[in-house]
>>> print(open('start.txt').read())   # compact mmCIF, C-alpha atoms
# COMPACT_ATOMS: atom_id res chain seq x y z
CA MET A 3 9.28 46.00 -64.29
CA ALA A 4 12.55 45.42 -62.42
CA PHE A 5 16.10 45.08 -63.73
CA ASN A 6 16.82 41.38 -64.16
CA VAL A 7 20.52 41.35 -63.33
CA THR A 8 22.66 41.67 -60.19
CA PHE A 9 25.11 44.55 -60.32
CA ASP A 10 27.95 43.35 -58.11
CA THR A 11 31.27 45.16 -57.73
CA ILE A 12 34.61 44.19 -56.25
CA HIS A 13 34.72 46.97 -53.64
CA LYS A 14 32.84 49.83 -52.10
CA THR A 15 34.05 53.19 -53.36
CA LYS A 16 35.82 55.76 -51.25
CA ASN A 17 36.85 59.37 -51.69
CA LEU A 18 40.42 60.17 -52.78
CA ALA A 19 42.26 63.43 -52.16
CA VAL A 20 44.22 64.27 -55.32
CA LYS A 21 46.73 66.96 -56.20
CA LEU A 22 48.11 67.50 -59.70
CA ASN A 23 51.13 69.20 -61.21
CA ALA A 24 50.68 72.63 -62.80
CA LYS A 25 50.02 71.27 -66.30
CA GLY A 26 47.43 68.74 -65.12
CA GLU A 27 45.69 71.34 -62.97
CA GLN A 28 45.50 73.73 -65.92
CA PHE A 29 43.82 71.08 -68.06
CA VAL A 30 41.17 70.38 -65.41
CA VAL A 31 40.45 74.08 -64.84
CA LYS A 32 39.97 74.53 -68.60
CA GLY A 33 37.37 71.74 -68.61
CA HIS A 34 39.40 68.87 -70.10
CA PRO A 35 37.97 65.49 -69.00
CA TRP A 36 41.25 63.50 -68.78
CA VAL A 37 43.95 63.43 -66.13
CA PHE A 38 46.97 61.32 -67.09
CA SER A 39 48.95 59.37 -64.50
CA ASN A 40 52.05 61.54 -64.97
CA SER A 41 50.05 64.63 -63.92
CA ILE A 42 49.25 63.24 -60.47
CA VAL A 43 51.49 64.51 -57.66
CA LYS A 44 49.55 63.08 -54.71
CA VAL A 45 46.82 60.44 -54.29
CA ASN A 46 45.84 57.84 -51.66
CA GLU A 47 48.04 54.75 -51.79
CA ASP A 48 45.04 52.39 -51.69
CA ALA A 49 43.23 54.08 -54.60
CA LYS A 50 41.08 51.65 -56.59
CA THR A 51 39.15 51.81 -59.87
CA GLY A 52 35.80 53.52 -59.38
CA ASP A 53 36.85 55.60 -56.37
CA LEU A 54 35.79 59.24 -56.43
CA ALA A 55 38.82 61.48 -57.00
CA ILE A 56 38.45 64.91 -55.41
CA ILE A 57 41.02 67.15 -57.11
CA PHE A 58 42.37 70.06 -55.06
CA SER A 59 44.23 73.03 -56.47
CA LYS A 60 47.91 73.02 -55.58
CA ASN A 61 48.03 76.38 -53.85
CA LYS A 62 44.58 77.48 -52.71
CA ASN A 63 43.49 74.02 -51.54
CA LYS A 64 40.05 74.39 -53.14
CA VAL A 65 38.27 71.69 -55.14
CA ILE A 66 38.67 72.19 -58.90
CA GLY A 67 37.19 68.94 -60.17
CA LEU A 68 35.68 65.55 -59.42
CA GLY A 69 36.54 62.41 -61.34
CA LEU A 70 36.51 58.62 -61.23
CA TYR A 71 39.83 56.87 -60.63
CA ASP A 72 40.95 54.25 -63.16
CA ALA A 73 43.88 52.17 -61.91
CA ASN A 74 44.18 50.32 -65.25
CA SER A 75 44.44 53.24 -67.66
CA PRO A 76 47.10 55.88 -68.43
CA ILE A 77 44.11 58.26 -68.23
CA ARG A 78 44.12 57.75 -64.47
CA ILE A 79 41.23 60.08 -63.61
CA LYS A 80 38.21 60.68 -65.82
CA ILE A 81 36.48 63.93 -64.89
CA ILE A 82 32.72 63.92 -64.23
CA HIS A 83 32.37 67.43 -62.74
CA ASN A 84 34.71 70.39 -63.16
CA THR A 85 33.02 73.48 -61.86
CA GLU A 86 33.42 74.97 -58.39
CA ASP A 87 29.74 74.23 -57.59
CA LYS A 88 29.50 71.89 -54.63
CA VAL A 89 27.81 68.62 -55.57
CA GLU A 90 27.27 65.23 -54.01
CA VAL A 91 28.05 62.38 -56.38
CA ASN A 92 25.11 60.02 -55.99
CA SER A 93 22.20 58.65 -58.04
CA ASP A 94 20.51 62.08 -58.16
CA PHE A 95 23.73 63.64 -59.51
CA PHE A 96 23.89 61.19 -62.43
CA HIS A 97 20.12 61.35 -63.02
CA HIS A 98 20.30 65.12 -63.41
CA LYS A 99 23.20 64.86 -65.89
CA ILE A 100 21.19 62.37 -67.98
CA GLU A 101 18.18 64.73 -67.94
CA ILE A 102 20.40 67.54 -69.26
CA ALA A 103 21.74 65.25 -72.02
CA PHE A 104 18.20 64.20 -73.00
CA GLU A 105 17.08 67.83 -73.24
CA LYS A 106 19.97 68.53 -75.65
CA ARG A 107 18.47 65.91 -78.01
CA SER A 108 14.91 67.31 -77.87
CA GLU A 109 15.11 69.16 -81.19
CA LEU A 110 16.33 66.05 -83.03
CA LEU A 111 13.50 63.98 -81.51
CA ARG A 112 10.95 66.42 -82.93
CA THR A 113 11.92 65.20 -86.42
CA LYS A 114 10.83 61.85 -87.89
CA THR A 115 13.62 60.14 -85.93
CA ASN A 116 13.44 57.64 -83.06
CA SER A 117 17.11 56.67 -82.87
CA TYR A 118 19.66 58.83 -81.10
CA ARG A 119 22.75 58.91 -78.87
CA LEU A 120 21.58 59.81 -75.37
CA LEU A 121 25.05 59.81 -73.79
CA PHE A 122 28.20 60.63 -75.77
CA GLY A 123 30.86 59.66 -73.23
CA GLU A 124 33.07 62.50 -71.97
CA ASN A 125 31.08 65.06 -73.94
CA ASP A 126 28.05 64.46 -71.72
CA GLY A 127 30.05 63.94 -68.53
CA PHE A 128 30.13 60.13 -68.74
CA PRO A 129 33.68 59.21 -69.83
CA GLY A 130 33.88 55.63 -71.07
CA LEU A 131 30.10 55.19 -71.31
CA ILE A 132 27.87 55.40 -74.41
CA ALA A 133 24.09 55.10 -74.52
CA ASP A 134 22.18 54.79 -77.82
CA VAL A 135 18.42 54.44 -78.30
CA TYR A 136 16.85 52.53 -81.19
CA ASP A 137 13.09 53.05 -81.01
CA SER A 138 12.22 51.48 -77.62
CA VAL A 139 15.54 49.67 -77.11
CA LEU A 140 18.34 51.34 -75.13
CA VAL A 141 21.87 50.00 -75.73
CA VAL A 142 24.55 50.94 -73.19
CA LYS A 143 28.18 50.35 -74.15
CA LEU A 144 30.73 50.32 -71.36
CA TYR A 145 34.42 51.00 -72.04
CA SER A 146 35.70 51.46 -68.48
CA GLU A 147 35.37 49.67 -65.13
CA ILE A 148 35.07 53.05 -63.35
CA TRP A 149 31.30 52.83 -63.84
CA LEU A 150 30.71 49.44 -62.24
CA PRO A 151 29.95 50.80 -58.74
CA TYR A 152 27.45 53.32 -60.15
CA LEU A 153 25.96 51.33 -62.99
CA GLU A 154 22.72 50.16 -61.41
CA SER A 155 21.37 53.64 -60.66
CA ILE A 156 22.65 55.03 -64.00
CA LEU A 157 20.90 52.30 -66.00
CA LYS A 158 17.65 52.90 -64.10
CA SER A 159 17.84 56.63 -64.84
CA LEU A 160 18.64 56.01 -68.52
CA GLN A 161 15.66 53.68 -68.82
CA GLN A 162 13.29 56.09 -67.07
CA ILE A 163 14.38 59.21 -68.97
CA SER A 164 14.43 57.53 -72.41
CA ASN A 165 11.27 55.55 -71.61
CA ALA A 166 12.95 52.46 -73.13
CA LYS A 167 11.12 49.14 -72.87
CA THR A 168 14.34 47.13 -73.16
CA VAL A 169 17.91 47.78 -71.99
CA ILE A 170 20.91 45.95 -73.50
CA MET A 171 24.44 45.88 -72.05
CA ARG A 172 27.38 45.93 -74.47
CA LEU A 173 30.97 45.68 -73.26
CA SER A 174 34.32 46.70 -74.73
CA ARG A 175 36.82 43.89 -75.35
CA ASN A 176 38.71 44.78 -72.16
CA LEU A 177 35.56 44.56 -70.08
CA GLN A 178 34.51 41.31 -71.74
CA ASN A 179 37.80 39.80 -70.51
CA SER A 180 37.59 41.35 -67.02
CA LYS A 181 36.96 39.23 -63.91
CA THR A 182 35.72 42.15 -61.79
CA HIS A 183 32.04 41.85 -62.75
CA ALA A 184 29.38 39.36 -63.80
CA LEU A 185 28.07 41.31 -66.79
CA ILE A 186 27.91 39.65 -70.21
CA ASP A 187 28.21 41.40 -73.59
CA GLY A 188 24.80 41.50 -75.25
CA GLN A 189 22.96 40.83 -72.00
CA VAL A 190 19.33 41.98 -71.68
CA VAL A 191 19.35 43.73 -68.32
CA TYR A 192 15.83 45.15 -68.47
CA GLY A 193 12.68 44.11 -70.33
CA ILE A 194 12.46 41.58 -73.14
CA LEU A 195 14.18 41.49 -76.54
CA ASN A 196 12.14 39.48 -79.05
CA ASN A 197 14.57 40.05 -81.92
CA GLU A 198 18.22 41.16 -81.80
CA VAL A 199 17.59 43.08 -85.04
CA VAL A 200 15.71 46.23 -84.05
CA LYS A 201 13.89 48.48 -86.52
CA PHE A 202 14.21 52.25 -86.19
CA VAL A 203 13.68 55.46 -88.20
CA GLU A 204 15.98 58.38 -89.02
CA HIS A 205 14.44 61.36 -90.80
CA GLY A 206 11.61 59.18 -92.09
CA VAL A 207 13.90 56.46 -93.52
CA LYS A 208 13.70 52.97 -92.01
CA PHE A 209 16.74 50.97 -90.86
CA THR A 210 17.69 48.10 -88.59
CA ALA A 211 20.42 47.64 -85.98
CA ASN A 212 21.67 44.37 -84.57
CA VAL A 213 21.92 45.48 -80.95
CA ILE A 214 23.57 42.25 -79.78
CA LYS A 215 26.20 41.53 -82.44
CA GLY A 216 26.48 44.76 -84.46
CA HIS A 217 29.49 47.12 -84.36
CA LYS A 218 29.54 49.48 -81.35
CA THR A 219 25.88 49.55 -80.28
CA GLY A 220 24.54 48.20 -83.59
CA TYR A 221 24.73 51.19 -85.92
CA PHE A 222 26.60 54.48 -86.52
CA LEU A 223 24.33 57.39 -85.59
CA ASP A 224 26.90 60.19 -85.91
CA HIS A 225 26.50 60.54 -89.71
CA ARG A 226 22.71 60.87 -89.58
CA ASP A 227 22.53 64.45 -90.85
CA ASN A 228 25.03 63.75 -93.64
CA ARG A 229 22.97 60.74 -94.73
CA ARG A 230 19.84 62.92 -94.83
CA ARG A 231 21.63 65.58 -96.87
CA VAL A 232 23.16 63.10 -99.33
CA GLY A 233 19.72 61.54 -99.75
CA GLU A 234 18.18 64.89 -100.64
CA LEU A 235 21.00 65.58 -103.14
CA SER A 236 20.56 62.18 -104.81
CA LYS A 237 17.13 62.57 -106.40
CA GLY A 238 17.31 61.37 -110.01
CA LYS A 239 21.04 60.61 -109.64
CA THR A 240 23.37 57.63 -109.82
CA VAL A 241 25.19 57.07 -106.51
CA LEU A 242 28.30 55.18 -105.37
CA ASP A 243 28.48 54.51 -101.62
CA VAL A 244 32.03 53.37 -100.74
CA PHE A 245 32.60 51.59 -97.40
CA SER A 246 28.81 51.35 -97.32
CA TYR A 247 28.53 49.01 -94.28
CA ALA A 248 24.78 48.72 -93.57
CA GLY A 249 23.90 51.07 -96.42
CA GLY A 250 23.24 54.29 -94.51
CA PHE A 251 23.95 56.64 -97.41
CA SER A 252 22.69 54.11 -99.99
CA VAL A 253 19.28 53.69 -98.38
CA HIS A 254 18.72 57.43 -97.93
CA ALA A 255 19.59 57.91 -101.61
CA LEU A 256 17.17 55.17 -102.69
CA ALA A 257 14.41 56.53 -100.45
CA ASN A 258 14.95 59.95 -102.06
CA GLU A 259 14.46 58.61 -105.63
CA ALA A 260 18.02 57.99 -106.77
CA THR A 261 17.87 56.10 -110.07
CA GLU A 262 20.74 53.70 -109.30
CA VAL A 263 22.78 53.12 -106.13
CA THR A 264 25.89 50.96 -105.83
CA SER A 265 26.94 49.90 -102.34
CA LEU A 266 30.61 48.89 -102.09
CA ASP A 267 32.00 47.15 -99.00
CA ILE A 268 34.54 44.42 -98.24
CA SER A 269 31.95 42.58 -96.11
CA LYS A 270 29.34 40.49 -97.94
CA GLN A 271 27.39 40.33 -94.67
CA ALA A 272 27.28 44.13 -94.45
CA LEU A 273 26.08 44.36 -98.06
CA ASP A 274 23.29 41.86 -97.35
CA LEU A 275 22.25 44.11 -94.47
CA ALA A 276 22.34 47.17 -96.77
CA VAL A 277 20.02 45.40 -99.21
CA GLU A 278 17.63 44.42 -96.38
CA ASN A 279 17.63 47.98 -95.03
CA GLY A 280 16.80 49.23 -98.51
CA LYS A 281 13.81 46.88 -98.72
CA LEU A 282 12.32 48.38 -95.55
CA ASN A 283 11.58 51.47 -97.64
CA GLU A 284 9.71 52.10 -100.87
CA TYR A 285 12.00 52.92 -103.79
CA SER A 286 11.99 52.60 -107.57
CA GLY A 287 15.73 52.80 -108.30
CA ILE A 288 18.18 49.94 -108.79
CA HIS A 289 20.31 48.83 -105.81
CA LYS A 290 23.56 47.14 -106.80
CA THR A 291 26.22 45.74 -104.45
CA MET A 292 29.96 45.18 -104.88
CA ALA A 293 31.99 43.09 -102.42
CA GLY A 294 35.71 43.75 -102.30
CA ASP A 295 38.59 45.98 -101.24
CA ALA A 296 37.47 49.58 -101.80
CA PHE A 297 40.75 50.79 -103.33
CA LYS A 298 40.92 47.90 -105.82
CA GLU A 299 37.25 48.04 -106.74
CA MET A 300 37.31 51.81 -107.28
CA LYS A 301 40.31 51.46 -109.60
CA ALA A 302 38.46 48.71 -111.50
CA LEU A 303 35.41 50.97 -111.91
CA ILE A 304 37.63 53.79 -113.21
CA ASN A 305 39.25 51.43 -115.72
CA LYS A 306 35.79 50.40 -116.93
CA GLY A 307 34.91 54.06 -117.51
CA LYS A 308 32.16 54.00 -114.87
CA ARG A 309 31.12 57.37 -113.43
CA PHE A 310 28.53 58.44 -110.82
CA ASP A 311 26.61 61.65 -110.15
CA VAL A 312 27.19 61.31 -106.39
CA VAL A 313 30.18 59.53 -104.81
CA VAL A 314 30.30 59.07 -101.02
CA ILE A 315 33.50 57.75 -99.39
CA ASP A 316 33.18 57.10 -95.66
CA PRO A 317 36.01 54.77 -94.56
CA PRO A 318 36.61 53.28 -91.10
CA SER A 319 39.25 54.91 -88.91
CA PHE A 320 42.65 54.62 -90.58
CA ALA A 321 44.59 55.96 -87.55
CA LYS A 322 43.69 54.12 -84.38
CA GLN A 323 47.12 54.92 -82.95
CA GLN A 324 49.65 57.72 -83.35
CA SER A 325 52.03 55.65 -85.50
CA GLU A 326 49.34 55.23 -88.19
CA ILE A 327 48.71 58.92 -88.89
CA ASP A 328 51.05 59.30 -91.89
CA LEU A 329 49.70 56.17 -93.59
CA ALA A 330 46.14 57.32 -92.87
CA LYS A 331 46.79 60.65 -94.59
CA LYS A 332 48.12 58.86 -97.68
CA LYS A 333 45.00 56.69 -97.79
CA TYR A 334 42.67 59.70 -97.49
CA ALA A 335 44.52 61.48 -100.30
CA GLN A 336 44.31 58.36 -102.46
CA LEU A 337 40.57 58.00 -101.83
CA ALA A 338 39.98 61.65 -102.77
CA GLU A 339 41.83 61.14 -106.08
CA LEU A 340 39.94 57.92 -106.86
CA GLY A 341 36.64 59.55 -105.90
CA ALA A 342 37.29 62.51 -108.20
CA LYS A 343 37.92 60.16 -111.13
CA LEU A 344 34.62 58.38 -110.44
CA THR A 345 32.51 61.55 -110.23
CA THR A 346 30.70 62.85 -113.31
CA LYS A 347 30.82 66.37 -114.74
CA LYS A 348 28.98 68.64 -112.26
CA GLY A 349 28.84 65.64 -109.91
CA LEU A 350 29.15 65.64 -106.12
CA LEU A 351 31.99 64.03 -104.15
CA VAL A 352 31.48 63.54 -100.40
CA LEU A 353 34.61 62.66 -98.39
CA ALA A 354 34.45 61.71 -94.70
CA SER A 355 36.88 60.76 -91.94
CA CYS A 356 36.29 59.35 -88.44
CA SER A 357 39.99 59.27 -87.47
CA SER A 358 40.27 61.53 -84.41
CA ARG A 359 44.07 61.66 -84.77
CA VAL A 360 43.74 63.24 -88.23
CA LEU A 361 42.47 66.70 -87.37
CA ALA A 362 39.72 68.33 -89.42
CA GLN A 363 41.91 71.01 -91.01
CA ALA A 364 44.54 68.42 -91.99
CA PHE A 365 41.82 66.27 -93.57
CA TYR A 366 40.34 69.15 -95.56
CA ASP A 367 43.82 70.24 -96.67
CA LEU A 368 44.52 66.70 -97.92
CA ASN A 369 41.28 66.73 -99.92
CA VAL A 370 42.10 70.10 -101.50
CA GLN A 371 45.61 68.96 -102.51
CA ALA A 372 44.26 65.72 -103.99
CA LEU A 373 41.43 67.45 -105.89
CA ASN A 374 43.72 70.22 -107.17
CA SER A 375 45.95 67.56 -108.67
CA GLN A 376 43.04 66.40 -110.86
CA SER A 377 42.94 69.64 -112.92
CA ARG A 378 39.15 69.85 -112.61
CA LEU A 379 37.45 72.95 -111.29
CA TYR A 380 35.34 72.37 -108.18
CA ASP A 381 33.61 74.20 -105.35
CA THR A 382 33.74 73.24 -101.68
CA LEU A 383 30.03 73.28 -100.85
CA LEU A 384 30.07 72.34 -97.20
CA LYS A 385 32.11 71.05 -94.26
CA THR A 386 30.19 69.20 -91.55
CA LYS A 387 30.74 67.55 -88.16
CA HIS A 388 28.85 65.11 -85.94
CA ASP A 389 25.07 65.27 -85.72
CA SER A 390 23.47 67.17 -82.82
CA ASP A 391 23.23 64.12 -80.53
CA HIS A 392 27.05 63.95 -80.58
CA PRO A 393 27.92 67.28 -78.87
CA VAL A 394 31.66 67.97 -78.69
CA THR A 395 33.01 69.63 -75.54
CA PHE A 396 36.78 69.02 -75.86
CA THR A 397 39.23 68.82 -78.77
CA GLU A 398 39.80 65.05 -78.70
CA GLY A 399 36.05 64.48 -78.62
CA ALA A 400 35.78 65.70 -82.24
CA TYR A 401 36.49 62.88 -84.67
CA LEU A 402 33.98 63.12 -87.53
CA LYS A 403 34.46 65.50 -90.45
CA CYS A 404 32.87 65.49 -93.87
CA GLY A 405 33.52 67.61 -96.97
CA TYR A 406 31.14 68.14 -99.91
CA TYR A 407 32.83 68.97 -103.25
CA ARG A 408 30.89 69.91 -106.41
CA PHE A 409 32.75 69.58 -109.71
CA LEU A 410 32.14 72.35 -112.22
CA GLU A 411 33.38 70.43 -115.25
>>> encode(input="start.txt", output="structure tokens")
Amino acid sequence: MAFNVTFDTIHKTKNLAVKLNAKGEQFVVKGHPWVFSNSIVKVNEDAKTGDLAIIFSKNKNKVIGLGLYDANSPIRIKIIHNTEDKVEVNSDFFHHKIEIAFEKRSELLRTKTNSYRLLFGENDGFPGLIADVYDSVLVVKLYSEIWLPYLESILKSLQQISNAKTVIMRLSRNLQNSKTHALIDGQVVYGILNNEVVKFVEHGVKFTANVIKGHKTGYFLDHRDNRRRVGELSKGKTVLDVFSYAGGFSVHALANEATEVTSLDISKQALDLAVENGKLNEYSGIHKTMAGDAFKEMKALINKGKRFDVVVIDPPSFAKQQSEIDLAKKKYAQLAELGAKLTTKKGLLVLASCSSRVLAQAFYDLNVQALNSQSRLYDTLLKTKHDSDHPVTFTEGAYLKCGYYRFLE
């Protein structure tokens, strides 16, 4: 079967000779995947997005890294290779990198799981490109135009290595508005898609992802191991899943014999999806839903005297830009306090954050301060990160953190 789309680009790529200042050079040598515009001392005047940037050391004139030039971003060069090994950047180069990424996921794919992140952007050497697999459907999300000249061969390699029957193209908002390509968000570029809602399995629990209209690529795979763990800890328990979205934690809890699960989200549509995901699995517990603002609804539950054996609070990113960090920290502290008041004696409180600008230690410190203010004894059981298909290779690549707190009284 052939790819059913034409991959046209605005220009043929060329090689650029690049020199950086001392700080920029140091970052590249240490393996950081970003070169900001203010680190560039010398580059070709006619440099265009997608051109291959060959970065030379300032003094020894040897190559210290290869990257793709992005004329439209303050991150002007995105590194794709930063060892001194000589390589030729072509279809074989990218194919080999995808093979390496696939091998890293092999252990996960030996579990009862057929959904995984095959490429995690910079962390797998593909800055601005994400590839997720849901059963036999591969969804590629593009965040940068740097990949347009190379996309055809990369998509073919992704399809071959993942053995996907269908390939979907998703585009960031910037790329949706770009005039430099003919790609369309949600386009089926390979195979046939009979239903935009695709069924998949994670650790034996069934879910669905809307691969055309859903957030990101249709689902959030990074919390998979936390969902499994919460499910196992929910047997015979009552559970509150705050910011439940499609019911990831809720459905794992139900599938693991929780007696009652309440999914709370501001989106009625997301709650409907959570209910449908629950019904894909056999369960005997009660699944309740609450639509509304999480902070208000949690306060209302506290006022009603409602308590839960397991409380999971997994909000969206509160700090999408630097100016929002302080407010984000206040919100996390507030959620920890509300969660503590909703957790029963000897109950479990699970607090998560996906704000990359709020570092893990700062997040855990906030939780400790908030929980200490409640005058209840507790143990910190566990601190977790992304699942294994989200390997982190540089500081800014780590965004997910999750703390498990067991109350002793």
>>> closest_atom_pairs(input="start.txt", of="region 130-217 of chain A", to="region 54-63 of chain A", cutoff="12 Å", atoms="all atoms listed in the file", output="JSON lines")
{"residue": "A:Ile148", "atom": "CA", "partner": "A:Leu54", "partner_atom": "CA", "distance": 9.3}
{"residue": "A:Trp149", "atom": "CA", "partner": "A:Leu54", "partner_atom": "CA", "distance": 10.8}
{"residue": "A:Pro151", "atom": "CA", "partner": "A:Leu54", "partner_atom": "CA", "distance": 10.5}
{"residue": "A:Tyr152", "atom": "CA", "partner": "A:Leu54", "partner_atom": "CA", "distance": 10.9}
>>> residues_around(input="start.txt", residues="Tyr401 (chain A)", least_positions_apart="5", cutoff="6 Å", atoms="only C-alpha atoms", output="PyMOL selection string")
chain A and resi 356-358
>>> atom_distance(input="start.txt", atom1="CA of Glu262 (chain A)", atom2="CA of Ser286 (chain A)")
9.0 Å
>>> closest_residue(input="start.txt", among="A:Phe222, A:Tyr192, A:Tyr71, A:Phe297", to="Glu147 (chain A)", atoms="all atoms listed in the file")
A:Tyr71
>>> residues_near_point(input="start.txt", point="(24.8, 56.2, -73.8)", cutoff="6 Å", atoms="all atoms listed in the file", output="short mmCIF file (atom, residue, chain, number, x, y, z; two decimals) with C-alpha atoms, keeping the file's coordinate frame")
data_model
loop_
_atom_site.label_atom_id
_atom_site.label_comp_id
_atom_site.auth_asym_id
_atom_site.auth_seq_id
_atom_site.Cartn_x
_atom_site.Cartn_y
_atom_site.Cartn_z
CA LEU A 120 21.58 59.81 -75.37
CA LEU A 121 25.05 59.81 -73.79
CA PHE A 122 28.20 60.63 -75.77
CA LEU A 131 30.10 55.19 -71.31
CA ILE A 132 27.87 55.40 -74.41
CA ALA A 133 24.09 55.10 -74.52
CA ASP A 134 22.18 54.79 -77.82
CA VAL A 142 24.55 50.94 -73.19
#
